[in-house]
>>> print(open('my_file_15.cif').read())   # mmCIF, C-alpha atoms
data_input
loop_
_atom_site.label_atom_id
_atom_site.label_comp_id
_atom_site.auth_asym_id
_atom_site.auth_seq_id
_atom_site.Cartn_x
_atom_site.Cartn_y
_atom_site.Cartn_z
CA MET B 31 33.56 -20.54 5.22
CA SER B 32 30.78 -23.13 4.86
CA SER B 33 28.08 -23.01 2.19
CA THR B 34 25.47 -22.96 4.97
CA ILE B 35 26.75 -19.60 6.25
CA LEU B 36 26.65 -18.14 2.74
CA THR B 37 23.13 -19.35 1.95
CA GLN B 38 20.36 -16.79 1.59
CA PRO B 39 18.07 -16.51 4.58
CA LEU B 40 15.20 -18.95 4.13
CA VAL B 41 11.52 -18.14 4.64
CA MET B 42 9.22 -21.16 4.89
CA PHE B 43 5.52 -20.53 4.31
CA ASP B 44 2.64 -22.73 5.29
CA LEU B 45 -0.06 -22.78 2.57
CA ASP B 46 -3.60 -23.23 3.89
CA GLY B 47 -4.50 -20.39 6.24
CA THR B 48 -1.25 -18.53 5.58
CA ILE B 49 -1.06 -17.81 1.85
CA ILE B 50 -4.50 -18.99 0.77
CA ASP B 51 -7.93 -19.37 2.31
CA SER B 52 -8.82 -22.87 1.16
CA GLN B 53 -11.40 -23.74 3.76
CA SER B 54 -14.28 -24.21 1.33
CA GLY B 55 -12.52 -26.85 -0.78
CA ILE B 56 -11.09 -28.69 2.22
CA VAL B 57 -14.40 -28.78 4.11
CA SER B 58 -16.40 -29.96 1.09
CA SER B 59 -13.87 -32.77 0.58
CA LEU B 60 -14.03 -33.77 4.25
CA ARG B 61 -17.83 -33.76 4.22
CA GLY B 62 -17.97 -35.82 1.05
CA SER B 63 -15.53 -38.40 2.35
CA LEU B 64 -17.25 -38.73 5.72
CA ILE B 65 -20.60 -39.31 4.01
CA GLU B 66 -19.01 -42.08 1.96
CA LEU B 67 -17.55 -43.52 5.16
CA GLY B 68 -20.92 -43.49 6.91
CA VAL B 69 -20.04 -40.76 9.42
CA GLU B 70 -22.74 -38.18 10.10
CA VAL B 71 -21.82 -34.61 11.01
CA GLU B 72 -24.23 -31.75 11.57
CA ASP B 73 -24.66 -29.10 8.87
CA ASN B 74 -22.99 -26.44 11.01
CA HIS B 75 -20.13 -28.68 12.16
CA ASP B 76 -16.89 -26.73 12.64
CA PHE B 77 -14.04 -28.29 10.67
CA THR B 78 -11.63 -25.43 11.34
CA TRP B 79 -9.40 -27.56 13.57
CA CYS B 80 -8.78 -29.90 10.62
CA ILE B 81 -7.09 -27.31 8.44
CA GLY B 82 -3.34 -27.80 8.69
CA SER B 83 -3.70 -31.09 10.55
CA SER B 84 -2.57 -34.51 9.37
CA LEU B 85 -5.29 -36.29 7.38
CA TRP B 86 -4.51 -39.45 9.33
CA ASP B 87 -5.09 -37.59 12.62
CA ILE B 88 -8.35 -36.14 11.27
CA TYR B 89 -9.78 -39.51 10.29
CA LYS B 90 -8.47 -41.14 13.45
CA HIS B 91 -10.73 -38.67 15.26
CA TYR B 92 -13.83 -38.98 13.10
CA LEU B 93 -13.63 -42.74 12.59
CA ASP B 94 -12.53 -43.37 16.19
CA THR B 95 -9.98 -45.91 15.05
CA SER B 96 -6.23 -46.47 14.83
CA ASP B 97 -6.58 -49.16 12.17
CA GLY B 98 -3.96 -48.26 9.57
CA GLN B 99 -5.76 -49.78 6.59
CA ARG B 100 -9.03 -48.00 7.38
CA LEU B 101 -7.23 -44.69 7.87
CA ASP B 102 -5.30 -45.11 4.63
CA TYR B 103 -8.56 -45.81 2.81
CA ALA B 104 -10.17 -42.69 4.30
CA VAL B 105 -7.19 -40.52 3.31
CA ALA B 106 -7.26 -41.93 -0.24
CA LEU B 107 -10.99 -41.23 -0.47
CA TYR B 108 -10.49 -37.63 0.67
CA ARG B 109 -7.72 -37.13 -1.88
CA GLU B 110 -9.85 -38.57 -4.71
CA ILE B 111 -12.57 -36.02 -3.93
CA TYR B 112 -10.15 -33.16 -3.28
CA ARG B 113 -8.18 -33.49 -6.51
CA SER B 114 -11.38 -33.69 -8.58
CA GLY B 115 -11.82 -29.93 -8.22
CA PRO B 116 -12.12 -28.68 -4.62
CA MET B 117 -8.34 -28.19 -4.28
CA PHE B 118 -8.63 -25.21 -6.61
CA ASP B 119 -11.43 -23.65 -4.53
CA TYR B 120 -9.38 -21.00 -2.73
CA HIS B 121 -8.52 -17.33 -2.68
CA VAL B 122 -5.25 -15.59 -1.84
CA TYR B 123 -5.19 -13.53 1.35
CA ASP B 124 -5.01 -9.77 0.84
CA GLY B 125 -1.47 -8.48 1.23
CA ILE B 126 0.37 -11.80 1.21
CA GLU B 127 1.59 -11.50 -2.39
CA TRP B 128 2.93 -8.02 -1.63
CA ALA B 129 4.76 -9.42 1.42
CA MET B 130 6.21 -12.31 -0.58
CA ALA B 131 7.38 -9.98 -3.37
CA GLU B 132 8.95 -7.65 -0.81
CA LEU B 133 10.82 -10.55 0.79
CA VAL B 134 12.14 -11.66 -2.59
CA ASN B 135 13.25 -8.09 -3.32
CA ARG B 136 15.11 -8.05 0.00
CA GLY B 137 17.06 -11.15 -0.97
CA TYR B 138 15.23 -13.90 0.91
CA ARG B 139 14.69 -17.39 -0.47
CA LEU B 140 11.03 -18.40 -0.23
CA VAL B 141 9.77 -21.98 -0.10
CA LEU B 142 6.49 -23.66 0.69
CA ALA B 143 6.41 -26.01 3.70
CA THR B 144 2.94 -27.53 3.96
CA ALA B 145 1.48 -30.66 5.51
CA LYS B 146 -0.62 -30.97 2.36
CA ALA B 147 0.58 -33.70 0.01
CA ARG B 148 3.42 -32.22 -2.03
CA GLU B 149 1.87 -33.42 -5.29
CA TYR B 150 -1.36 -31.51 -4.62
CA ALA B 151 0.38 -28.47 -3.18
CA ALA B 152 2.44 -28.22 -6.38
CA HIS B 153 -0.75 -28.22 -8.46
CA VAL B 154 -2.28 -25.49 -6.30
CA VAL B 155 0.86 -23.36 -6.51
CA ALA B 156 1.08 -23.86 -10.30
CA SER B 157 -2.46 -22.48 -10.63
CA SER B 158 -1.64 -19.40 -8.55
CA SER B 159 -0.35 -15.91 -9.16
CA PHE B 160 2.43 -16.31 -6.56
CA ALA B 161 4.13 -19.39 -8.04
CA SER B 162 7.11 -17.46 -9.41
CA MET B 163 8.04 -16.18 -5.94
CA LEU B 164 8.53 -19.67 -4.46
CA HIS B 165 11.86 -21.37 -4.98
CA HIS B 166 10.53 -24.83 -4.14
CA VAL B 167 7.40 -26.63 -2.91
CA TYR B 168 7.90 -28.93 0.08
CA GLY B 169 5.06 -31.02 1.45
CA SER B 170 4.19 -34.41 2.82
CA GLU B 171 4.45 -37.54 0.72
CA LEU B 172 1.43 -39.64 -0.19
CA ASP B 173 2.48 -42.32 2.32
CA GLY B 174 2.47 -39.78 5.16
CA THR B 175 6.19 -39.08 5.28
CA ASN B 176 6.85 -35.54 6.56
CA VAL B 177 3.18 -34.96 7.37
CA HIS B 178 4.21 -33.61 10.78
CA LYS B 179 5.69 -30.12 10.63
CA ALA B 180 8.73 -30.85 12.78
CA ASP B 181 9.77 -33.60 10.34
CA LEU B 182 8.98 -31.47 7.31
CA ILE B 183 10.95 -28.45 8.55
CA ALA B 184 13.95 -30.66 9.34
CA HIS B 185 13.73 -32.02 5.79
CA VAL B 186 13.57 -28.50 4.32
CA LEU B 187 16.60 -27.33 6.30
CA ARG B 188 18.62 -30.30 5.10
CA SER B 189 17.50 -29.92 1.51
CA GLU B 190 18.17 -26.19 1.40
CA ASP B 191 21.42 -26.49 3.41
CA VAL B 192 20.38 -23.69 5.74
CA ALA B 193 21.26 -23.33 9.42
CA PRO B 194 18.20 -22.97 11.72
CA GLU B 195 19.16 -19.43 12.75
CA ARG B 196 19.07 -18.37 9.09
CA ALA B 197 15.48 -19.53 8.63
CA VAL B 198 11.97 -18.63 9.73
CA MET B 199 8.68 -20.53 9.49
CA ILE B 200 5.38 -18.71 8.96
CA GLY B 201 2.07 -20.38 9.69
CA ASP B 202 -1.37 -19.99 11.18
CA ARG B 203 -1.49 -23.07 13.42
CA HIS B 204 0.40 -24.40 16.42
CA HIS B 205 1.78 -27.19 14.21
CA ASP B 206 3.80 -24.57 12.34
CA VAL B 207 5.35 -22.75 15.29
CA ASP B 208 5.80 -25.90 17.37
CA GLY B 209 7.49 -27.63 14.44
CA ALA B 210 9.74 -24.63 14.00
CA ALA B 211 10.68 -24.57 17.68
CA ALA B 212 11.52 -28.28 17.55
CA ASN B 213 14.13 -27.43 14.90
CA ARG B 214 15.45 -24.25 16.62
CA VAL B 215 13.84 -22.15 13.89
CA ALA B 216 12.02 -18.90 14.67
CA GLY B 217 8.30 -19.44 14.12
CA ILE B 218 5.94 -16.60 13.21
CA GLY B 219 2.24 -17.12 13.91
CA VAL B 220 -0.29 -15.27 11.76
CA THR B 221 -3.70 -14.49 13.21
CA TYR B 222 -5.58 -13.90 9.95
CA GLY B 223 -5.77 -17.64 9.16
CA TYR B 224 -7.52 -20.47 11.00
CA GLY B 225 -5.55 -20.59 14.24
CA LEU B 226 -6.19 -18.87 17.55
CA PRO B 227 -3.70 -16.60 19.35
CA GLN B 228 -3.36 -19.08 22.22
CA GLU B 229 -1.89 -21.62 19.79
CA PHE B 230 1.26 -19.55 19.40
CA THR B 231 2.95 -20.06 22.76
CA ALA B 232 6.10 -21.30 20.97
CA ALA B 233 6.12 -18.48 18.40
CA TYR B 234 8.99 -16.02 18.17
CA ALA B 235 6.51 -13.40 16.94
CA VAL B 236 2.82 -13.09 16.09
CA VAL B 237 1.53 -10.84 13.31
CA ASP B 238 -1.99 -9.78 12.41
CA HIS B 239 -1.47 -8.79 8.77
CA PRO B 240 0.82 -9.95 5.94
CA HIS B 241 2.19 -6.41 5.54
CA ASP B 242 3.95 -6.85 8.90
CA LEU B 243 5.92 -9.91 7.80
CA PRO B 244 8.93 -8.41 5.93
CA ASP B 245 10.04 -6.14 8.79
CA VAL B 246 9.45 -8.79 11.45
CA ILE B 247 11.45 -11.35 9.47
CA ALA B 248 14.25 -8.86 8.88
CA SER B 249 14.45 -8.19 12.61
CA ILE B 250 14.62 -11.92 13.41
CA ILE B 251 17.37 -12.62 10.87
CA ALA B 252 19.36 -9.55 11.92
CA SER B 253 19.35 -10.69 15.55
CA SER B 254 20.47 -14.24 14.79
#
>>> encode(input="my_file_15.cif", output="structure tokens")
Amino acid sequence: MSSTILTQPLVMFDLDGTIIDSQSGIVSSLRGSLIELGVEVEDNHDFTWCIGSSLWDIYKHYLDTSDGQRLDYAVALYREIYRSGPMFDYHVYDGIEWAMAELVNRGYRLVLATAKAREYAAHVVASSSFASMLHHVYGSELDGTNVHKADLIAHVLRSEDVAPERAVMIGDRHHDVDGAAANRVAGIGVTYGYGLPQEFTAAYAVVDHPHDLPDVIASIIASS
């Protein structure tokens, strides 16, 4: 019998909009970087679409360019601002730590799978009260490797040696459920984050509150 079959079921969690509400720190970093880059946005500009998206895609939009050097500079500028303090400007969603603890108690292996740079995600997790419940932190690399969720989830499955049917991906944006579907993994969309219900057309299930997650995940794994 292969090691993959024996592996604990794997639960991959997105970070921003799924475990933590980090909008304030992300938006302040985006605003600061755009000012430095000479891009004006109105005071009430809605940055919600940016949360969970690739930084390169974000700056491609705001700078209206595909120039790699300019985009790399913009991403580096954002990161300089973000790591100076705003990355710790977050709060944990009500109920998510209970759900994570319940999943651990039921024998699931929990990992983080975020488009955020792995280095920064690790710092955020280390500062949190839920760090001990995560087996590993997976994220994108500073050069953009694995910034797209489909690539990241494929990397996690290989690293954890888990078959797709023994894994689920939880996230609040279409990137999460679409990336899961691309890897034959059941994606669960959560509506309490930044996404909209219509983003979850590829989701196996959609939940409105973290308390629903353990039973929904158990049902998915049992049916695989």
>>> residues_around(input="my_file_15.cif", residues="Cys80 in chain B", least_positions_apart="3", cutoff="10 Å", atoms="only C-alpha atoms", output="ChimeraX atom specification")
/B:53,56-57,60,76-77,83-85,87-89,224
>>> write_last_selection(input="my_file_15.cif", atoms="C-alpha atoms", output="compact mmCIF listing (two decimals), in the coordinates of the input")
# COMPACT_ATOMS: atom_id res chain seq x y z
CA GLN B 53 -11.40 -23.74 3.76
CA ILE B 56 -11.09 -28.69 2.22
CA VAL B 57 -14.40 -28.78 4.11
CA LEU B 60 -14.03 -33.77 4.25
CA ASP B 76 -16.89 -26.73 12.64
CA PHE B 77 -14.04 -28.29 10.67
CA SER B 83 -3.70 -31.09 10.55
CA SER B 84 -2.57 -34.51 9.37
CA LEU B 85 -5.29 -36.29 7.38
CA ASP B 87 -5.09 -37.59 12.62
CA ILE B 88 -8.35 -36.14 11.27
CA TYR B 89 -9.78 -39.51 10.29
CA TYR B 224 -7.52 -20.47 11.00
>>> atom_distance(input="my_file_15.cif", atom1="CA of Ala232 in chain B", atom2="CA of Gly47 in chain B")
18.2 Å
>>> closest_residue(input="my_file_15.cif", among="B:Pro116, B:Gly223, B:Gly217, B:Gly209", to="Ala235 in chain B", atoms="all atoms listed in the file")
B:Gly217
>>> residues_near_point(input="my_file_15.cif", point="(14.6, -21.7, 10.6)", cutoff="10 Å", atoms="all atoms listed in the file", output="PyMOL selection string")
chain B and resi 39-42+183-184+186-187+192-200+210-211+213-217+251
>>> write_last_selection(input="my_file_15.cif", atoms="C-alpha atoms", output="compact mmCIF listing (two decimals), in the coordinates of the input")
# COMPACT_ATOMS: atom_id res chain seq x y z
CA PRO B 39 18.07 -16.51 4.58
CA LEU B 40 15.20 -18.95 4.13
CA VAL B 41 11.52 -18.14 4.64
CA MET B 42 9.22 -21.16 4.89
CA ILE B 183 10.95 -28.45 8.55
CA ALA B 184 13.95 -30.66 9.34
CA VAL B 186 13.57 -28.50 4.32
CA LEU B 187 16.60 -27.33 6.30
CA VAL B 192 20.38 -23.69 5.74
CA ALA B 193 21.26 -23.33 9.42
CA PRO B 194 18.20 -22.97 11.72
CA GLU B 195 19.16 -19.43 12.75
CA ARG B 196 19.07 -18.37 9.09
CA ALA B 197 15.48 -19.53 8.63
CA VAL B 198 11.97 -18.63 9.73
CA MET B 199 8.68 -20.53 9.49
CA ILE B 200 5.38 -18.71 8.96
CA ALA B 210 9.74 -24.63 14.00
CA ALA B 211 10.68 -24.57 17.68
CA ASN B 213 14.13 -27.43 14.90
CA ARG B 214 15.45 -24.25 16.62
CA VAL B 215 13.84 -22.15 13.89
CA ALA B 216 12.02 -18.90 14.67
CA GLY B 217 8.30 -19.44 14.12
CA ILE B 251 17.37 -12.62 10.87
>>> resolve_selection(input="my_file_15.cif", expression="the PyMOL selection byres ((chain B and resi 100-110) around 8)", output="list of chain:residue names")
B:Ser59, B:Leu60, B:Gly62, B:Ser63, B:Leu67, B:Leu85, B:Trp86, B:Tyr89, B:Lys90, B:Thr95, B:Ser96, B:Asp97, B:Gly98, B:Gln99, B:Ile111, B:Tyr112, B:Arg113, B:Ser114
>>> atom_distance(input="my_file_15.cif", atom1="CA of Asp73 in chain B", atom2="CA of Leu93 in chain B")
17.9 Å
>>> residues_near_point(input="my_file_15.cif", point="(0.5, -18.5, 6.5)", cutoff="8 Å", atoms="all atoms listed in the file", output="list of chain:residue names")
B:Phe43, B:Asp44, B:Leu45, B:Asp46, B:Gly47, B:Thr48, B:Ile49, B:Ile50, B:Ile200, B:Gly201, B:Asp202, B:Gly219, B:Val220, B:Gly223
>>> atom_distance(input="my_file_15.cif", atom1="CA of Leu164 in chain B", atom2="CA of Leu140 in chain B")
5.1 Å
>>> resolve_selection(input="my_file_15.cif", expression="the PyMOL selection byres ((chain B and resi 227) around 10)", output="VMD selection string")
chain B and resid 202 to 204 219 to 222 224 to 226 228 to 231 236 to 238
>>> residues_around(input="my_file_15.cif", residues="Thr175 in chain B", least_positions_apart="6", cutoff="10 Å", atoms="all atoms listed in the file", output="PyMOL selection string")
chain B and resi 145+147+169+181-182
>>> closest_atom_pairs(input="my_file_15.cif", of="range 50-88 of chain B", to="range 119-133 of chain B", cutoff="7 Å", atoms="only C-alpha atoms", output="CSV")
residue,atom,partner,partner_atom,distance
B:Ile50,CA,B:Val122,CA,4.4
B:Asp51,CA,B:His121,CA,5.4
B:Ser52,CA,B:Tyr120,CA,4.4
B:Ser54,CA,B:Asp119,CA,6.5
B:Gly55,CA,B:Asp119,CA,5.0
>>> build_atoms(input="my_file_15.cif", residues="range 112-133 of chain B", atoms="N, CA and C atoms", output="mmCIF file, in the frame of the given file")
data_model
loop_
_atom_site.group_PDB
_atom_site.id
_atom_site.type_symbol
_atom_site.label_atom_id
_atom_site.label_comp_id
_atom_site.auth_asym_id
_atom_site.auth_seq_id
_atom_site.Cartn_x
_atom_site.Cartn_y
_atom_site.Cartn_z
ATOM 1 N N TYR B 112 -10.841 -34.446 -3.310
ATOM 2 C CA TYR B 112 -10.150 -33.160 -3.280
ATOM 3 C C TYR B 112 -9.531 -32.815 -4.627
ATOM 4 N N ARG B 113 -8.868 -33.785 -5.256
ATOM 5 C CA ARG B 113 -8.180 -33.490 -6.510
ATOM 6 C C ARG B 113 -9.138 -33.395 -7.694
ATOM 7 N N SER B 114 -10.409 -33.769 -7.498
ATOM 8 C CA SER B 114 -11.380 -33.690 -8.580
ATOM 9 C C SER B 114 -11.861 -32.262 -8.844
ATOM 10 N N GLY B 115 -11.427 -31.328 -8.022
ATOM 11 C CA GLY B 115 -11.820 -29.930 -8.220
ATOM 12 C C GLY B 115 -11.724 -29.047 -6.994
ATOM 13 N N PRO B 116 -12.135 -29.537 -5.806
ATOM 14 C CA PRO B 116 -12.120 -28.680 -4.620
ATOM 15 C C PRO B 116 -10.757 -28.098 -4.260
ATOM 16 N N MET B 117 -9.651 -28.722 -4.669
ATOM 17 C CA MET B 117 -8.340 -28.190 -4.280
ATOM 18 C C MET B 117 -8.061 -26.835 -4.933
ATOM 19 N N PHE B 118 -8.808 -26.510 -5.967
ATOM 20 C CA PHE B 118 -8.630 -25.210 -6.610
ATOM 21 C C PHE B 118 -9.657 -24.184 -6.121
ATOM 22 N N ASP B 119 -10.437 -24.547 -5.114
ATOM 23 C CA ASP B 119 -11.430 -23.650 -4.530
ATOM 24 C C ASP B 119 -10.770 -22.877 -3.388
ATOM 25 N N TYR B 120 -10.098 -21.795 -3.727
ATOM 26 C CA TYR B 120 -9.380 -21.000 -2.730
ATOM 27 C C TYR B 120 -9.263 -19.563 -3.203
ATOM 28 N N HIS B 121 -8.914 -18.677 -2.279
ATOM 29 C CA HIS B 121 -8.520 -17.330 -2.680
ATOM 30 C C HIS B 121 -7.293 -16.922 -1.871
ATOM 31 N N VAL B 122 -6.501 -16.039 -2.458
ATOM 32 C CA VAL B 122 -5.250 -15.590 -1.840
ATOM 33 C C VAL B 122 -5.562 -14.477 -0.841
ATOM 34 N N TYR B 123 -4.958 -14.555 0.341
ATOM 35 C CA TYR B 123 -5.190 -13.530 1.350
ATOM 36 C C TYR B 123 -4.665 -12.163 0.884
ATOM 37 N N ASP B 124 -5.424 -11.133 1.185
ATOM 38 C CA ASP B 124 -5.010 -9.770 0.840
ATOM 39 C C ASP B 124 -3.670 -9.449 1.497
ATOM 40 N N GLY B 125 -2.753 -8.942 0.709
ATOM 41 C CA GLY B 125 -1.470 -8.480 1.230
ATOM 42 C C GLY B 125 -0.368 -9.503 1.232
ATOM 43 N N ILE B 126 -0.684 -10.793 1.090
ATOM 44 C CA ILE B 126 0.370 -11.800 1.210
ATOM 45 C C ILE B 126 1.281 -11.792 -0.022
ATOM 46 N N GLU B 127 0.726 -11.538 -1.194
ATOM 47 C CA GLU B 127 1.590 -11.500 -2.390
ATOM 48 C C GLU B 127 2.525 -10.292 -2.333
ATOM 49 N N TRP B 128 2.046 -9.184 -1.801
ATOM 50 C CA TRP B 128 2.930 -8.020 -1.630
ATOM 51 C C TRP B 128 4.062 -8.383 -0.681
ATOM 52 N N ALA B 129 3.739 -9.049 0.434
ATOM 53 C CA ALA B 129 4.760 -9.420 1.420
ATOM 54 C C ALA B 129 5.775 -10.385 0.813
ATOM 55 N N MET B 130 5.304 -11.349 0.046
ATOM 56 C CA MET B 130 6.210 -12.310 -0.580
ATOM 57 C C MET B 130 7.130 -11.613 -1.584
ATOM 58 N N ALA B 131 6.566 -10.715 -2.397
ATOM 59 C CA ALA B 131 7.380 -9.980 -3.370
ATOM 60 C C ALA B 131 8.415 -9.109 -2.674
ATOM 61 N N GLU B 132 8.027 -8.491 -1.565
ATOM 62 C CA GLU B 132 8.950 -7.650 -0.810
ATOM 63 C C GLU B 132 10.093 -8.483 -0.231
ATOM 64 N N LEU B 133 9.784 -9.675 0.252
ATOM 65 C CA LEU B 133 10.820 -10.550 0.790
ATOM 66 C C LEU B 133 11.794 -10.992 -0.299
#
